[in-house]
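Right, one structure below, let's go through it.
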Amino acid sequence: MLLIALCGSAGTAAAQVVSPMIHDVQTVSQIAAARFEVANPYEHAQTSEFFIVDDAGRAVRGAQVSPARKRMAGGARAPLLVRVPVGPNAKRRVYVCHAITPRHPNSVASGTSYRGEVCATLDITRPEH
């Protein structure tokens with residue numbers, strides 16, 4: 001599991017998690033499905049957003065993430081299910097991302113000055129017939 005640390009203005013460090021960081025999936029259909037685990041390493045509850053992008057950072061058309069947004073308690077872990085259309089190609093690479101804008105519960109601000117984001121690689125292969 002790979003963690004990416006972000007330093008806040010208060011000098012604390014934490015990193016959201018997507019596991020596994022590299023996931024290889026084989027499918028015989030036009031849609032690939034995969035399961036990831038996500039975590040909120042912060043002490044307080046945070047709202048996490050999950051999304052799928054391509055190599056250019058654009059949202060993958062037709063891709064689904066369940067859930068797409070989740071309020072997670074401090075230290076909590078949760079499953080994340082994704083469905084990605086493979087298209088006409090035998091191989092496809094996409095990135096499953098987890099973003100948190102940390103917010104301390106006593107703060108009146110909607111978030112801090114940074115948005116932490118980490119992405120796992122999902123490599124999809126469809127055997128050629």
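Residues are referred to by chain and number: the chain letter is A, B, ... according to the order shown in the structure tokens, the number counts from 1 in that chain, and ligands are numbered separately from 1 in the order shown.
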Spatial neighbours of Ile100 of chain A, max dist 9 Å, only C-alpha atoms, sep filter under 5 positions, as a list of chain:residue names: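 These residues fall inside the cut-off: A:Gln16, A:Asn40, A:Gln46, A:Thr47, A:Ser48, A:Glu49, A:Arg115, A:Gly116, A:Glu117.
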Selection: 9 Å around segment 85-95 of chain A, only C-alpha atoms, excl. self and same-chain fewer than 5 positions, as a ChimeraX atom specification: /A:27,29-33,51-55,57,60-63,119-128
Expected answer as a ChimeraX atom specification: strand (DSSP E) residues in segment 59-94 of chain A: /A:64-66,69-72,77-85,91-94
Shortest interatomic distance to Leu81 of chain A - which of A:Val96, A:Val65, A:Ala59, A:Met21, counting only C-alpha atoms: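 Closest to Leu81 of chain A of all the choices is A:Val65.
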Selected residue of minimal separation from Val25 of chain A among A:Ala68, A:Val84, A:Cys97, A:Ala45, counting only C-alpha atoms: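 Under the stated criterion, the closest residue is A:Val84.
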Distance in Å - atom CA of Val82 of chain A versus atom CA of Glu37 of chain A: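 So the two atoms, atom CA of Val82 of chain A and atom CA of Glu37 of chain A, lie 11.0 Å apart.
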Computed interatomic separation between atom CA of Glu43 of chain A and atom CA of Ser66 of chain A (Å):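 According to the coordinates, atom CA of Glu43 of chain A and atom CA of Ser66 of chain A are separated by 23.9 Å.
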Option closest in space to Phe50 of chain A, from A:Val38, A:Val28, A:Met72, A:Ile22 [counting only C-alpha atoms]: A:Val38
Nearest-residue call for Pro41 of chain A, choices A:Val17, A:Gln64, A:Arg69, A:Gln26, using only C-alpha atoms: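 Closest to Pro41 of chain A of all the choices is A:Val17.
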